[in-house]
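Next up, target-v7.cif (mmCIF, N, CA and C atoms):
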```cif
data_data
#
loop_
_atom_site.label_atom_id
_atom_site.label_comp_id
_atom_site.auth_asym_id
_atom_site.auth_seq_id
_atom_site.Cartn_x
_atom_site.Cartn_y
_atom_site.Cartn_z
N MET A 20 -11.87 -13.16 -3.50
CA MET A 20 -10.68 -13.24 -2.71
C MET A 20 -9.57 -13.86 -3.56
N ILE A 21 -8.38 -13.29 -3.45
CA ILE A 21 -7.24 -13.75 -4.23
C ILE A 21 -6.26 -14.44 -3.27
N GLU A 22 -5.77 -15.60 -3.67
CA GLU A 22 -4.83 -16.34 -2.84
C GLU A 22 -3.63 -16.77 -3.67
N SER A 23 -2.53 -17.04 -2.96
CA SER A 23 -1.36 -17.65 -3.59
C SER A 23 -0.72 -18.58 -2.57
N THR A 24 0.13 -19.46 -3.03
CA THR A 24 0.77 -20.46 -2.18
C THR A 24 2.18 -20.01 -1.80
N ILE A 25 2.58 -20.32 -0.58
CA ILE A 25 3.94 -20.05 -0.11
C ILE A 25 4.78 -21.30 -0.36
N THR A 26 5.94 -21.12 -0.98
CA THR A 26 6.82 -22.25 -1.25
C THR A 26 7.60 -22.63 0.01
N ALA A 27 8.34 -23.74 -0.05
CA ALA A 27 9.17 -24.18 1.07
C ALA A 27 10.24 -23.14 1.42
N ARG A 28 10.61 -22.33 0.45
CA ARG A 28 11.61 -21.27 0.69
C ARG A 28 10.97 -19.96 1.14
N GLY A 29 9.68 -19.96 1.38
CA GLY A 29 8.99 -18.75 1.86
C GLY A 29 8.67 -17.76 0.75
N GLN A 30 8.65 -18.20 -0.47
CA GLN A 30 8.37 -17.31 -1.60
C GLN A 30 6.95 -17.53 -2.10
N THR A 31 6.44 -16.52 -2.79
CA THR A 31 5.14 -16.62 -3.43
C THR A 31 5.16 -15.80 -4.71
N THR A 32 4.22 -16.05 -5.57
CA THR A 32 4.04 -15.25 -6.78
C THR A 32 2.83 -14.37 -6.56
N LEU A 33 3.01 -13.07 -6.79
CA LEU A 33 1.86 -12.18 -6.68
C LEU A 33 0.96 -12.39 -7.88
N PRO A 34 -0.30 -12.68 -7.64
CA PRO A 34 -1.22 -12.89 -8.75
C PRO A 34 -1.31 -11.63 -9.63
N LYS A 35 -1.64 -11.85 -10.88
CA LYS A 35 -1.70 -10.76 -11.85
C LYS A 35 -2.62 -9.64 -11.39
N ALA A 36 -3.76 -9.97 -10.82
CA ALA A 36 -4.70 -8.94 -10.37
C ALA A 36 -4.08 -8.05 -9.29
N VAL A 37 -3.25 -8.64 -8.42
CA VAL A 37 -2.57 -7.87 -7.37
C VAL A 37 -1.51 -6.97 -8.00
N ARG A 38 -0.72 -7.52 -8.92
CA ARG A 38 0.31 -6.71 -9.60
C ARG A 38 -0.32 -5.54 -10.34
N GLN A 39 -1.45 -5.78 -10.98
CA GLN A 39 -2.13 -4.70 -11.70
C GLN A 39 -2.67 -3.66 -10.73
N ALA A 40 -3.25 -4.11 -9.62
CA ALA A 40 -3.82 -3.18 -8.63
C ALA A 40 -2.74 -2.29 -8.03
N LEU A 41 -1.52 -2.83 -7.87
CA LEU A 41 -0.42 -2.07 -7.30
C LEU A 41 0.42 -1.36 -8.35
N SER A 42 0.10 -1.58 -9.61
CA SER A 42 0.87 -1.00 -10.73
C SER A 42 2.35 -1.36 -10.62
N ILE A 43 2.62 -2.63 -10.36
CA ILE A 43 4.01 -3.07 -10.26
C ILE A 43 4.32 -4.04 -11.39
N GLN A 44 5.60 -4.08 -11.73
CA GLN A 44 6.07 -4.92 -12.83
C GLN A 44 7.23 -5.79 -12.34
N SER A 45 7.66 -6.68 -13.17
CA SER A 45 8.80 -7.53 -12.86
C SER A 45 10.00 -6.65 -12.51
N GLY A 46 10.67 -6.97 -11.41
CA GLY A 46 11.84 -6.20 -10.98
C GLY A 46 11.51 -5.09 -10.01
N ASP A 47 10.24 -4.71 -9.88
CA ASP A 47 9.85 -3.68 -8.92
C ASP A 47 9.96 -4.22 -7.50
N ARG A 48 9.94 -3.33 -6.55
CA ARG A 48 10.02 -3.71 -5.14
C ARG A 48 8.66 -3.50 -4.49
N VAL A 49 8.42 -4.24 -3.42
CA VAL A 49 7.20 -4.07 -2.63
C VAL A 49 7.60 -3.84 -1.18
N ARG A 50 6.74 -3.19 -0.45
CA ARG A 50 6.97 -2.90 0.96
C ARG A 50 5.86 -3.55 1.77
N TYR A 51 6.24 -4.18 2.88
CA TYR A 51 5.29 -4.84 3.76
C TYR A 51 5.14 -4.00 5.03
N ILE A 52 3.91 -3.70 5.40
CA ILE A 52 3.63 -2.99 6.64
C ILE A 52 2.79 -3.91 7.51
N ILE A 53 3.31 -4.22 8.69
CA ILE A 53 2.61 -5.12 9.62
C ILE A 53 2.02 -4.29 10.75
N GLN A 54 0.69 -4.36 10.90
CA GLN A 54 -0.02 -3.63 11.95
C GLN A 54 -1.19 -4.47 12.41
N ASN A 55 -1.32 -4.62 13.71
CA ASN A 55 -2.48 -5.30 14.30
C ASN A 55 -2.75 -6.65 13.64
N ASP A 56 -1.75 -7.48 13.54
CA ASP A 56 -1.89 -8.82 12.97
C ASP A 56 -2.36 -8.83 11.51
N GLN A 57 -2.14 -7.74 10.82
CA GLN A 57 -2.46 -7.67 9.39
C GLN A 57 -1.24 -7.15 8.64
N VAL A 58 -1.15 -7.54 7.38
CA VAL A 58 -0.04 -7.10 6.54
C VAL A 58 -0.60 -6.32 5.36
N ARG A 59 -0.04 -5.13 5.14
CA ARG A 59 -0.39 -4.33 3.95
C ARG A 59 0.78 -4.41 2.99
N LEU A 60 0.46 -4.56 1.74
CA LEU A 60 1.48 -4.67 0.69
C LEU A 60 1.40 -3.42 -0.17
N LEU A 61 2.52 -2.72 -0.28
CA LEU A 61 2.57 -1.48 -1.06
C LEU A 61 3.59 -1.63 -2.17
N GLY A 62 3.27 -1.14 -3.33
CA GLY A 62 4.24 -1.10 -4.41
C GLY A 62 5.17 0.08 -4.21
N VAL A 63 6.46 -0.14 -4.39
CA VAL A 63 7.45 0.93 -4.29
C VAL A 63 7.82 1.31 -5.70
N ARG A 64 7.48 2.51 -6.07
CA ARG A 64 7.73 2.94 -7.45
C ARG A 64 9.14 3.45 -7.63
N PRO A 65 9.84 2.95 -8.62
CA PRO A 65 11.19 3.45 -8.90
C PRO A 65 11.11 4.92 -9.32
N ILE A 66 12.11 5.68 -8.96
CA ILE A 66 12.11 7.12 -9.23
C ILE A 66 12.02 7.42 -10.72
N ASN A 67 12.58 6.55 -11.56
CA ASN A 67 12.55 6.83 -13.01
C ASN A 67 11.13 6.75 -13.57
N ARG A 68 10.19 6.09 -12.87
CA ARG A 68 8.81 6.04 -13.35
C ARG A 68 8.05 7.33 -13.03
N LEU A 69 8.64 8.16 -12.17
CA LEU A 69 7.98 9.42 -11.81
C LEU A 69 8.29 10.54 -12.80
N TYR A 70 9.23 10.29 -13.70
CA TYR A 70 9.59 11.31 -14.68
C TYR A 70 8.36 11.73 -15.48
N GLY A 71 8.11 13.03 -15.51
CA GLY A 71 7.00 13.57 -16.29
C GLY A 71 5.67 13.61 -15.55
N VAL A 72 5.63 13.14 -14.29
CA VAL A 72 4.37 13.15 -13.54
C VAL A 72 3.92 14.58 -13.28
N LEU A 73 4.86 15.43 -12.89
CA LEU A 73 4.54 16.83 -12.64
C LEU A 73 4.79 17.63 -13.91
N GLN A 74 3.79 18.38 -14.31
CA GLN A 74 3.93 19.16 -15.53
C GLN A 74 3.68 20.63 -15.21
N HIS A 75 4.44 21.46 -15.85
CA HIS A 75 4.30 22.91 -15.70
C HIS A 75 4.03 23.49 -17.08
N HIS A 76 2.98 24.25 -17.21
CA HIS A 76 2.59 24.76 -18.52
C HIS A 76 2.88 26.26 -18.68
N GLY A 77 3.75 26.78 -17.83
CA GLY A 77 4.11 28.19 -17.93
C GLY A 77 5.55 28.32 -18.36
N PRO A 78 6.05 29.56 -18.35
CA PRO A 78 7.46 29.75 -18.72
C PRO A 78 8.38 29.15 -17.65
N ALA A 79 9.56 28.74 -18.07
CA ALA A 79 10.53 28.18 -17.14
C ALA A 79 11.03 29.27 -16.20
N ALA A 80 11.24 28.92 -14.94
CA ALA A 80 11.77 29.87 -13.97
C ALA A 80 13.26 30.03 -14.20
N THR A 81 13.74 31.26 -14.06
CA THR A 81 15.18 31.51 -14.19
C THR A 81 15.85 31.23 -12.85
N LEU A 82 17.17 31.13 -12.87
CA LEU A 82 17.91 30.94 -11.62
C LEU A 82 17.69 32.12 -10.68
N GLU A 83 17.59 33.30 -11.24
CA GLU A 83 17.33 34.49 -10.42
C GLU A 83 15.96 34.39 -9.75
N ASP A 84 14.94 33.94 -10.49
CA ASP A 84 13.62 33.74 -9.90
C ASP A 84 13.67 32.74 -8.75
N MET A 85 14.42 31.64 -8.95
CA MET A 85 14.53 30.62 -7.91
C MET A 85 15.25 31.17 -6.68
N ASP A 86 16.35 31.92 -6.90
CA ASP A 86 17.08 32.52 -5.78
C ASP A 86 16.19 33.49 -5.00
N ASP A 87 15.39 34.30 -5.72
CA ASP A 87 14.48 35.24 -5.07
C ASP A 87 13.43 34.51 -4.23
N ALA A 88 12.88 33.42 -4.77
CA ALA A 88 11.87 32.64 -4.05
C ALA A 88 12.48 32.00 -2.81
N ILE A 89 13.71 31.50 -2.91
CA ILE A 89 14.38 30.91 -1.75
C ILE A 89 14.62 31.96 -0.68
N ALA A 90 15.10 33.13 -1.10
CA ALA A 90 15.36 34.21 -0.13
C ALA A 90 14.07 34.65 0.55
N GLU A 91 13.00 34.75 -0.23
CA GLU A 91 11.71 35.16 0.34
C GLU A 91 11.21 34.12 1.34
N GLY A 92 11.33 32.84 0.99
CA GLY A 92 10.91 31.79 1.90
C GLY A 92 11.75 31.76 3.17
N ALA A 93 13.04 32.00 3.04
CA ALA A 93 13.93 31.99 4.20
C ALA A 93 13.63 33.15 5.13
N SER A 94 13.22 34.29 4.57
CA SER A 94 12.94 35.45 5.43
C SER A 94 11.63 35.28 6.20
N ARG A 95 10.75 34.40 5.72
CA ARG A 95 9.48 34.15 6.42
C ARG A 95 9.67 33.22 7.62
N ALA A 96 10.71 32.38 7.58
CA ALA A 96 10.90 31.37 8.62
C ALA A 96 11.41 31.90 9.90
#
```

Encoding of this model in structure tokens:
Amino acid sequence: MIESTITARGQTTLPKAVRQALSIQSGDRVRYIIQNDQVRLLGVRPINRLYGVLQHHGPAATLEDMDDAIAEGASRA
């Protein structure tokens, strides 16, 4: 079990093991979810850390290909 102390100002330091488990770094944000008298802590990943997560190994789509796909999707709706 991991614990930390709350200061008089209501602050705490997240222990290193928690920061590592959430993959968060100094300056990152966290989100608190309160449900049924319990609190869940989630790391909020900055958008710039998502760069390169999705990879495509085929040829790049042209604007015409994208327009055709949009038109096809719109006609299905």

Check: Can you tell me how far atom C of Leu61 of chain A sits from atom N of Arg48 of chain A, in Å to one decimal?
Finding: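 Between atom C of Leu61 of chain A and atom N of Arg48 of chain A the gap is 7.9 Å.
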
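What separates atom CA of His75 of chain A from atom CA of Ile43 of chain A is a distance of 26.5 Å.
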
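Assigned to strand (DSSP E or B) in chain A, given DSSP computed from backbone atoms, are Arg48, Val49, Arg50, Tyr51, Ile52, Ile53, Gln54, Gln57, Val58, Arg59, Leu60, Leu61, Gly62 and Val63 of chain A.
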
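Distances from A:Gln30, A:Thr24, A:Ser45, A:Gln39 to Pro65 of chain A were compared using only C-alpha atoms, and the smallest one belongs to A:Ser45.
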
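As for atom CA of Leu33 of chain A and atom CA of Gly62 of chain A, they are spaced 11.6 Å apart.
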
Next item on the list: as a ChimeraX atom specification, list the residues of chain A assigned to alpha helix (DSSP H) by DSSP on the backbone atoms of this structure.
Entry: /A:35-41,82-95

Checklist line | Minimum-distance residue to Ile66 of chain A, chosen among A:Asp47, A:Met85, A:Ala40, A:Thr32 (using only C-alpha atoms) | finding: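 Nearest candidate to Ile66 of chain A out of A:Asp47, A:Met85, A:Ala40, A:Thr32: A:Asp47.
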
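Minimum atom-to-atom distances from A:Arg95, A:Met20, A:Asp56, A:Val72 to Pro34 of chain A were compared using only C-alpha atoms, and the lowest value belongs to A:Met20.
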
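Using all atoms listed in the file, the shortest contact distance between Leu60 of chain A and any of A:Leu41, A:Ser94, A:Asp84, A:Gly77 is found at A:Leu41.
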
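Shortest separation to Ser42 of chain A among A:Ala27, A:Val58, A:Val63, A:Ala80 occurs at residue A:Val63, atoms counted being all atoms listed in the file.
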